[in-house]
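Asks: mmCIF, C-alpha atoms, file query.cif:
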data_my_file
#
loop_
_atom_site.label_atom_id
_atom_site.label_comp_id
_atom_site.auth_asym_id
_atom_site.auth_seq_id
_atom_site.Cartn_x
_atom_site.Cartn_y
_atom_site.Cartn_z
CA MET F 273 11.24 -14.74 -2.46
CA GLY F 274 8.06 -12.71 -1.92
CA LYS F 275 7.43 -9.63 -4.01
CA ILE F 276 7.48 -6.43 -1.93
CA ILE F 277 5.08 -3.74 -3.16
CA ALA F 278 4.81 -0.25 -1.64
CA ILE F 279 1.49 1.58 -1.98
CA ALA F 280 2.46 5.24 -2.11
CA ASN F 281 1.24 8.72 -2.96
CA GLN F 282 2.11 11.76 -0.87
CA LYS F 283 -1.38 13.09 -1.57
CA GLY F 284 -3.84 12.14 1.17
CA GLY F 285 -7.27 10.63 0.61
CA VAL F 286 -6.47 8.74 -2.58
CA GLY F 287 -7.18 5.25 -1.24
CA LYS F 288 -3.74 4.00 -0.12
CA THR F 289 -4.94 2.33 3.07
CA THR F 290 -8.12 1.05 1.43
CA THR F 291 -5.95 -0.48 -1.28
CA ALA F 292 -3.34 -1.90 1.11
CA MET F 293 -5.78 -3.77 3.34
CA ASN F 294 -8.20 -4.89 0.63
CA LEU F 295 -5.60 -5.89 -1.94
CA ALA F 296 -3.74 -7.83 0.77
CA ALA F 297 -6.96 -9.56 1.83
CA SER F 298 -7.84 -10.39 -1.79
CA LEU F 299 -4.38 -11.87 -2.43
CA ALA F 300 -4.82 -13.94 0.74
CA VAL F 301 -8.24 -15.19 -0.46
CA LEU F 302 -6.51 -16.28 -3.68
CA GLU F 303 -4.21 -18.31 -1.38
CA TYR F 304 -1.12 -16.17 -1.76
CA LYS F 305 0.68 -16.02 1.58
CA THR F 306 0.57 -12.26 2.23
CA LEU F 307 2.08 -9.85 4.75
CA VAL F 308 0.80 -6.28 5.02
CA VAL F 309 3.02 -3.70 6.71
CA ASP F 310 1.32 -0.63 8.19
CA ALA F 311 3.95 2.11 7.74
CA ASP F 312 1.56 5.00 8.42
CA PRO F 313 1.48 6.54 11.94
CA GLN F 314 -2.30 6.91 11.58
CA ALA F 315 -2.42 3.09 11.83
CA ASN F 316 -5.64 2.81 9.81
CA THR F 317 -4.62 -0.48 8.20
CA THR F 318 -3.99 -1.88 11.68
CA SER F 319 -7.45 -0.91 12.94
CA GLY F 320 -9.06 -1.82 9.60
CA LEU F 321 -7.81 -5.38 10.01
CA GLY F 322 -9.27 -5.73 13.48
CA HIS F 323 -6.48 -4.64 15.84
CA ASN F 324 -6.52 -1.70 18.24
CA PRO F 325 -3.36 0.41 17.58
CA ARG F 326 -3.40 1.58 21.23
CA GLU F 327 -2.92 -2.01 22.35
CA VAL F 328 -0.03 -2.72 19.97
CA THR F 329 3.18 -3.42 21.90
CA ASN F 330 5.60 -4.02 19.04
CA SER F 331 5.15 -2.37 15.64
CA ILE F 332 7.13 -1.58 12.50
CA TYR F 333 8.51 1.38 14.49
CA GLU F 334 10.22 -0.86 17.05
CA CYS F 335 11.55 -3.08 14.25
CA MET F 336 13.10 -0.19 12.35
CA VAL F 337 14.88 1.31 15.36
CA GLY F 338 16.14 -2.10 16.51
CA LYS F 339 13.99 -2.58 19.61
CA CYS F 340 12.46 -5.88 18.44
CA THR F 341 12.53 -8.37 15.59
CA ILE F 342 9.76 -8.53 13.00
CA ASP F 343 8.74 -11.96 14.30
CA GLU F 344 7.89 -10.32 17.64
CA CYS F 345 5.30 -7.98 16.10
CA LEU F 346 3.44 -10.21 13.60
CA LEU F 347 -0.33 -10.27 14.17
CA GLU F 348 -2.87 -12.69 12.75
CA THR F 349 -6.03 -11.53 10.93
CA ASP F 350 -9.41 -13.08 10.08
CA LEU F 351 -7.85 -14.59 6.95
CA PRO F 352 -5.43 -17.53 7.46
CA SER F 353 -3.07 -16.43 4.67
CA LEU F 354 -2.90 -12.77 5.78
CA THR F 355 -0.51 -11.48 8.47
CA LEU F 356 -0.09 -7.89 9.71
CA VAL F 357 2.88 -5.86 10.89
CA PRO F 358 1.05 -3.11 12.80
CA SER F 359 1.73 0.57 13.29
CA HIS F 360 1.04 3.07 16.03
CA ILE F 361 1.50 6.79 16.66
CA ASN F 362 5.12 6.28 17.82
CA LEU F 363 6.09 5.82 14.16
CA VAL F 364 6.02 9.64 13.94
CA GLY F 365 9.11 9.65 16.20
CA ALA F 366 10.96 7.06 14.14
CA GLU F 367 12.06 9.62 11.53
CA VAL F 368 13.71 11.73 14.25
CA GLU F 369 15.36 8.71 15.89
CA MET F 370 16.66 7.40 12.58
CA VAL F 371 18.32 10.63 11.43
CA SER F 372 21.59 9.73 13.18
CA LEU F 373 21.62 6.06 12.12
CA ASN F 374 23.90 4.68 9.43
CA ASN F 375 22.05 3.57 6.27
CA ARG F 376 18.86 5.07 7.69
CA GLU F 377 17.06 4.73 4.34
CA GLU F 378 17.57 0.94 4.41
CA LYS F 379 16.16 0.01 7.83
CA MET F 380 12.87 -1.34 6.47
CA ARG F 381 14.71 -3.35 3.82
CA GLU F 382 16.81 -4.96 6.56
CA VAL F 383 13.65 -5.77 8.55
CA LEU F 384 11.74 -7.29 5.62
CA ASN F 385 14.67 -9.22 4.13
CA SER F 386 14.54 -11.57 7.12
CA VAL F 387 10.97 -12.70 6.31
CA GLN F 388 10.70 -12.11 2.56
CA GLU F 389 11.07 -15.80 1.69
CA ASN F 390 8.10 -16.69 3.95
CA TYR F 391 5.55 -14.79 1.82
CA ASP F 392 4.34 -14.56 -1.76
CA PHE F 393 3.55 -10.85 -1.38
CA ILE F 394 4.50 -8.15 1.13
CA LEU F 395 2.46 -4.92 0.81
CA ILE F 396 3.52 -1.69 2.53
CA ASP F 397 0.91 0.98 3.31
CA CYS F 398 2.83 4.28 3.17
CA ALA F 399 2.01 7.54 4.93
CA PRO F 400 0.75 10.50 2.85
CA SER F 401 4.20 12.10 2.72
CA LEU F 402 7.58 11.67 1.08
CA GLY F 403 9.40 11.48 4.41
CA LEU F 404 12.03 9.02 5.62
CA ILE F 405 9.55 6.21 6.34
CA THR F 406 8.12 6.36 2.80
CA ILE F 407 11.66 6.48 1.38
CA ASN F 408 12.44 3.39 3.49
CA ALA F 409 9.39 1.64 2.04
CA LEU F 410 10.37 2.48 -1.56
CA THR F 411 13.96 1.41 -0.90
CA ALA F 412 12.74 -1.95 0.46
CA SER F 413 10.30 -2.62 -2.39
CA ASN F 414 10.48 -4.37 -5.73
CA SER F 415 7.70 -2.15 -7.08
CA VAL F 416 5.21 0.57 -6.20
CA ILE F 417 1.47 0.93 -6.74
CA ILE F 418 0.32 4.55 -7.06
CA PRO F 419 -3.38 5.08 -6.25
CA VAL F 420 -4.89 8.07 -8.08
CA GLN F 421 -8.45 9.18 -7.30
CA CYS F 422 -10.84 9.98 -10.16
CA GLU F 423 -11.30 13.58 -9.02
CA TYR F 424 -10.34 17.09 -10.09
CA PHE F 425 -6.86 17.26 -8.52
CA ALA F 426 -6.03 13.68 -9.53
CA LEU F 427 -2.65 14.37 -11.14
CA GLU F 428 -1.59 16.99 -8.59
CA GLY F 429 1.70 15.95 -7.00
CA LEU F 430 2.07 12.86 -9.16
CA GLY F 431 5.07 14.37 -10.93
CA LYS F 432 6.79 14.97 -7.57
CA LEU F 433 6.22 11.35 -6.55
CA LEU F 434 7.53 10.04 -9.87
CA ASN F 435 10.59 12.28 -9.46
CA THR F 436 11.18 10.84 -5.95
CA ILE F 437 10.90 7.32 -7.38
CA THR F 438 13.50 8.21 -10.04
CA ILE F 439 15.90 9.52 -7.36
CA ILE F 440 15.45 6.32 -5.30
CA GLN F 441 16.06 4.21 -8.42
CA LYS F 442 19.33 6.09 -9.03
CA ARG F 443 20.63 6.22 -5.45
CA LEU F 444 19.05 3.54 -3.27
CA ASN F 445 17.12 0.88 -5.18
CA SER F 446 17.96 0.40 -8.85
CA GLY F 447 15.49 -2.49 -9.09
CA LEU F 448 12.43 -0.44 -8.08
CA GLU F 449 9.68 -0.58 -10.74
CA ILE F 450 6.26 1.01 -11.04
CA GLU F 451 3.80 -1.86 -10.61
CA GLY F 452 1.05 0.38 -11.88
CA ILE F 453 -1.15 3.43 -11.42
CA LEU F 454 -4.44 2.46 -9.80
CA LEU F 455 -7.53 4.56 -10.48
CA THR F 456 -9.72 4.76 -7.35
CA MET F 457 -13.04 6.33 -6.25
CA TYR F 458 -14.48 6.00 -9.74
CA ASP F 459 -18.10 7.06 -10.21
CA VAL F 460 -19.43 5.97 -13.60
CA ARG F 461 -22.19 8.62 -13.41
CA LEU F 462 -19.76 11.55 -13.29
CA ARG F 463 -18.33 13.05 -16.45
CA LEU F 464 -15.32 14.21 -14.41
CA SER F 465 -14.49 10.62 -13.36
CA ASN F 466 -14.50 9.52 -16.99
CA GLN F 467 -12.36 12.51 -18.00
CA VAL F 468 -9.76 11.65 -15.34
CA VAL F 469 -9.67 8.01 -16.48
CA GLU F 470 -9.10 9.16 -20.06
CA GLU F 471 -6.44 11.68 -19.05
CA VAL F 472 -4.48 9.20 -16.91
CA HIS F 473 -4.58 6.59 -19.69
CA THR F 474 -3.42 9.22 -22.21
CA HIS F 475 -0.47 10.29 -20.04
CA PHE F 476 0.62 6.93 -18.62
CA LYS F 477 -0.71 4.33 -21.10
CA ASN F 478 0.49 0.83 -20.12
CA MET F 479 1.41 1.92 -16.59
CA VAL F 480 -2.30 2.01 -15.63
CA PHE F 481 -4.01 -1.07 -14.17
CA GLU F 482 -6.98 -2.41 -16.13
CA THR F 483 -8.92 -2.71 -12.86
CA ILE F 484 -10.58 0.50 -11.66
CA ILE F 485 -11.78 0.78 -8.04
CA PRO F 486 -15.31 2.23 -7.80
CA ARG F 487 -16.81 4.40 -5.11
CA ASN F 488 -18.59 1.87 -2.92
CA VAL F 489 -20.43 2.13 0.39
CA LYS F 490 -19.23 -1.29 1.57
CA LEU F 491 -15.61 -0.27 0.92
CA SER F 492 -16.11 2.85 3.04
CA GLU F 493 -17.84 1.13 5.94
CA SER F 494 -15.81 -2.09 6.24
CA PRO F 495 -12.97 -0.50 8.32
CA SER F 496 -15.48 0.42 11.03
CA PHE F 497 -16.17 -3.33 11.36
CA GLY F 498 -12.43 -4.06 11.63
CA ALA F 499 -12.49 -6.19 8.50
CA PRO F 500 -11.50 -5.92 4.82
CA VAL F 501 -14.41 -5.59 2.41
CA ILE F 502 -14.07 -9.16 1.15
CA VAL F 503 -14.85 -10.36 4.69
CA HIS F 504 -17.49 -7.67 5.30
CA ASP F 505 -19.39 -8.18 2.02
CA ALA F 506 -17.74 -10.47 -0.51
CA GLU F 507 -20.30 -9.72 -3.22
CA SER F 508 -20.00 -5.94 -3.14
CA LYS F 509 -18.58 -4.02 -6.12
CA GLY F 510 -15.61 -2.94 -4.00
CA ALA F 511 -14.74 -6.51 -2.99
CA LEU F 512 -14.98 -7.74 -6.58
CA ALA F 513 -12.81 -4.85 -7.85
CA TYR F 514 -9.98 -5.61 -5.39
CA LEU F 515 -10.26 -9.32 -6.17
CA ASN F 516 -9.83 -8.47 -9.87
CA LEU F 517 -6.81 -6.29 -9.01
CA ALA F 518 -5.28 -9.15 -7.00
CA LYS F 519 -5.79 -11.50 -9.98
CA GLU F 520 -4.21 -8.92 -12.31
CA ILE F 521 -1.14 -8.64 -10.09
CA GLY F 522 -0.94 -12.40 -9.51
CA ASP F 523 -1.14 -13.12 -13.24
CA LYS F 524 1.62 -10.57 -13.88
CA VAL F 525 3.92 -12.31 -11.39
CA LYS F 526 3.22 -15.74 -12.93
CA ALA F 527 3.82 -14.47 -16.49
#
Write the structure described by the file as structure tokens, please.

Replies:
Amino acid sequence: MGKIIAIANQKGGVGKTTTAMNLAASLAVLEYKTLVVDADPQANTTSGLGHNPREVTNSIYECMVGKCTIDECLLETDLPSLTLVPSHINLVGAEVEMVSLNNREEKMREVLNSVQENYDFILIDCAPSLGLITINALTASNSVIIPVQCEYFALEGLGKLLNTITIIQKRLNSGLEIEGILLTMYDVRLRLSNQVVEEVHTHFKNMVFETIIPRNVKLSESPSFGAPVIVHDAESKGALAYLNLAKEIGDKVKA
């Protein structure tokens, strides 16, 4: 059975989508059969992997409200081992539609259970909120990666997210673990970046990934080419960092 990992932080601009698409692509390059689920109405993972969200007919939204099966919305990418479940703006309406449904927190789990055995990893790119869709993602997942940017407000809201994870562990998904805290947007030249790294390691110790994602021009520009950074520029610092992260996660699963 594939491992399902949510990438979540209700704080925006911390690198969730960048991590989802580039970690998924790196796992695929390492020949892990990988599915990435775009569960953010902004649909940036969808466009970042080369698909126009406006042209998407079936998305995770239709799957969760029972209008189609997941097999009907799978899209191929430039990498043979990487498949996408796209998003579009209609996902905003899913939370309203799902309010009256039974077991509304478990709709994504039901969707992904049907394909979990077909993949080594399933990554879910969550919206920057702690709404019903993110709760669905955490309920469906085996673990969660929490991106934290190496900037001044790095730890802001992290306590709230960890509290939400604790509630989900108690009520909806007792098996949910924290895969790790991922430090992103690191600039070795800035004292502040180094202070944040030190502070996060002090607070969270073994919960922090060894790999740190640097600020990198190629990482920033690759979505405009509709490709993950490992396709756009495989030798860039950003590509190498996500490849190291993929190896770290792969080694952990094999251990």

Asks: Name the residues captured by the PyMOL selection byres ((chain F and resi 422) around 12) when it is applied to the shown file; answer as JSON, numbers by chain.

Replies: {"F": [285, 286, 287, 419, 420, 421, 423, 424, 425, 426, 427, 428, 453, 454, 455, 456, 457, 458, 459, 460, 461, 462, 463, 464, 465, 466, 467, 468, 469, 470, 471, 472, 473, 484, 485, 486, 487]}

Asks: Work out how far apart atom CA of F:Val503 and atom CA of F:Thr483 are and give it in Å to one decimal.

Replies: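 Atom CA of F:Thr483 lies at a distance of 20.0 Å from atom CA of F:Val503.
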
Asks: Using the chain letters and numbers from this file, what does the PyMOL selection byres ((chain F and resi 449) around 8) select? Give the answer as a ChimeraX atom specification.

Replies: /F:414-416,447-448,450-451

Asks: List every residue of stretch 465-515 of chain F that has an atom at most 10 Å from any atom of stretch 349-359 of chain F, giving for each one its closest atom pair and the distance in Å to one decimal, counting only C-alpha atoms, sorted by chain and then by ascending residue number, as a Markdown table.

Replies:
| residue | atom | partner | partner_atom | distance |
| --- | --- | --- | --- | --- |
| F:Gly498 | CA | F:Asp350 | CA | 9.6 |
| F:Ala499 | CA | F:Asp350 | CA | 7.7 |
| F:Pro500 | CA | F:Asp350 | CA | 9.1 |
| F:Val503 | CA | F:Asp350 | CA | 8.1 |

Asks: Using Å and a single decimal, report how far atom CA of F:Ile417 sits from atom CA of F:Leu434.

Replies: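 Those two atoms sit 11.4 Å apart.
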
Asks: Report, in Å to a single decimal, how far apart atom CA of F:Cys345 and atom CA of F:Ala297 are.

Replies: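 Separation between atom CA of F:Ala297 and atom CA of F:Cys345: 18.9 Å.
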
Asks: So which residues are close to (15.8, -1.9, -0.5), meaning at most 8 Å away in the file's coordinates with only C-alpha atoms counted, and can you show them as a ChimeraX atom specification?

Replies: /F:378,380-382,408-414,444-445

Asks: When the PyMOL selection byres ((chain F and resi 344) around 12) is applied to the file above, which residues end up in the set, as a PyMOL selection string?

Replies: chain F and resi 328-332+334-335+338-343+345-347+356-358+383+387

Asks: Add whatever atoms are absent from stretch 322-350 of chain F to reach N, CA and C atoms, and provide the output as a short mmCIF file (atom, residue, chain, number, x, y, z; two decimals), in the coordinates of the input.

Replies:
data_model
loop_
_atom_site.label_atom_id
_atom_site.label_comp_id
_atom_site.auth_asym_id
_atom_site.auth_seq_id
_atom_site.Cartn_x
_atom_site.Cartn_y
_atom_site.Cartn_z
N GLY F 322 -8.74 -5.17 12.24
CA GLY F 322 -9.27 -5.73 13.48
C GLY F 322 -8.40 -5.62 14.71
N HIS F 323 -7.34 -4.80 14.66
CA HIS F 323 -6.48 -4.64 15.84
C HIS F 323 -6.50 -3.20 16.33
N ASN F 324 -6.53 -3.02 17.65
CA ASN F 324 -6.52 -1.70 18.24
C ASN F 324 -5.08 -1.18 18.31
N PRO F 325 -4.74 -0.10 17.56
CA PRO F 325 -3.36 0.41 17.58
C PRO F 325 -2.87 0.79 18.97
N ARG F 326 -3.79 1.20 19.86
CA ARG F 326 -3.40 1.58 21.23
C ARG F 326 -2.92 0.39 22.04
N GLU F 327 -3.31 -0.80 21.61
CA GLU F 327 -2.92 -2.01 22.35
C GLU F 327 -1.72 -2.71 21.72
N VAL F 328 -1.19 -2.13 20.64
CA VAL F 328 -0.03 -2.72 19.97
C VAL F 328 1.22 -2.47 20.81
N THR F 329 1.95 -3.55 21.11
CA THR F 329 3.18 -3.42 21.90
C THR F 329 4.38 -3.22 20.98
N ASN F 330 4.50 -4.11 20.01
CA ASN F 330 5.60 -4.02 19.04
C ASN F 330 5.04 -3.74 17.65
N SER F 331 5.62 -2.77 16.96
CA SER F 331 5.15 -2.37 15.64
C SER F 331 6.33 -2.24 14.69
N ILE F 332 6.06 -1.82 13.47
CA ILE F 332 7.13 -1.58 12.50
C ILE F 332 8.12 -0.54 13.03
N TYR F 333 7.64 0.37 13.87
CA TYR F 333 8.51 1.38 14.49
C TYR F 333 9.61 0.72 15.30
N GLU F 334 9.22 -0.19 16.22
CA GLU F 334 10.22 -0.86 17.05
C GLU F 334 11.20 -1.68 16.21
N CYS F 335 10.68 -2.31 15.15
CA CYS F 335 11.55 -3.08 14.25
C CYS F 335 12.61 -2.20 13.60
N MET F 336 12.18 -1.05 13.10
CA MET F 336 13.10 -0.19 12.35
C MET F 336 14.17 0.46 13.21
N VAL F 337 13.87 0.69 14.48
CA VAL F 337 14.88 1.31 15.36
C VAL F 337 15.60 0.26 16.21
N GLY F 338 15.37 -1.02 15.90
CA GLY F 338 16.14 -2.10 16.51
C GLY F 338 15.70 -2.52 17.90
N LYS F 339 14.46 -2.21 18.26
CA LYS F 339 13.99 -2.58 19.61
C LYS F 339 13.34 -3.95 19.65
N CYS F 340 13.01 -4.52 18.49
CA CYS F 340 12.46 -5.88 18.44
C CYS F 340 12.66 -6.45 17.04
N THR F 341 12.46 -7.74 16.91
CA THR F 341 12.53 -8.37 15.59
C THR F 341 11.13 -8.34 14.97
N ILE F 342 11.06 -8.55 13.67
CA ILE F 342 9.76 -8.53 13.00
C ILE F 342 8.89 -9.69 13.47
N ASP F 343 9.52 -10.81 13.83
CA ASP F 343 8.74 -11.96 14.30
C ASP F 343 7.99 -11.64 15.60
N GLU F 344 8.52 -10.69 16.37
CA GLU F 344 7.89 -10.32 17.64
C GLU F 344 6.69 -9.39 17.47
N CYS F 345 6.44 -8.91 16.26
CA CYS F 345 5.30 -7.98 16.10
C CYS F 345 4.28 -8.45 15.05
N LEU F 346 4.40 -9.69 14.57
CA LEU F 346 3.44 -10.21 13.60
C LEU F 346 2.11 -10.49 14.27
N LEU F 347 1.02 -10.05 13.65
CA LEU F 347 -0.33 -10.27 14.17
C LEU F 347 -1.16 -11.02 13.14
N GLU F 348 -1.97 -11.94 13.63
CA GLU F 348 -2.87 -12.69 12.75
C GLU F 348 -4.09 -11.84 12.40
N THR F 349 -4.79 -12.21 11.33
CA THR F 349 -6.03 -11.53 10.93
C THR F 349 -7.13 -12.58 10.76
N ASP F 350 -8.29 -12.15 10.30
CA ASP F 350 -9.41 -13.08 10.08
C ASP F 350 -9.14 -14.05 8.94
#
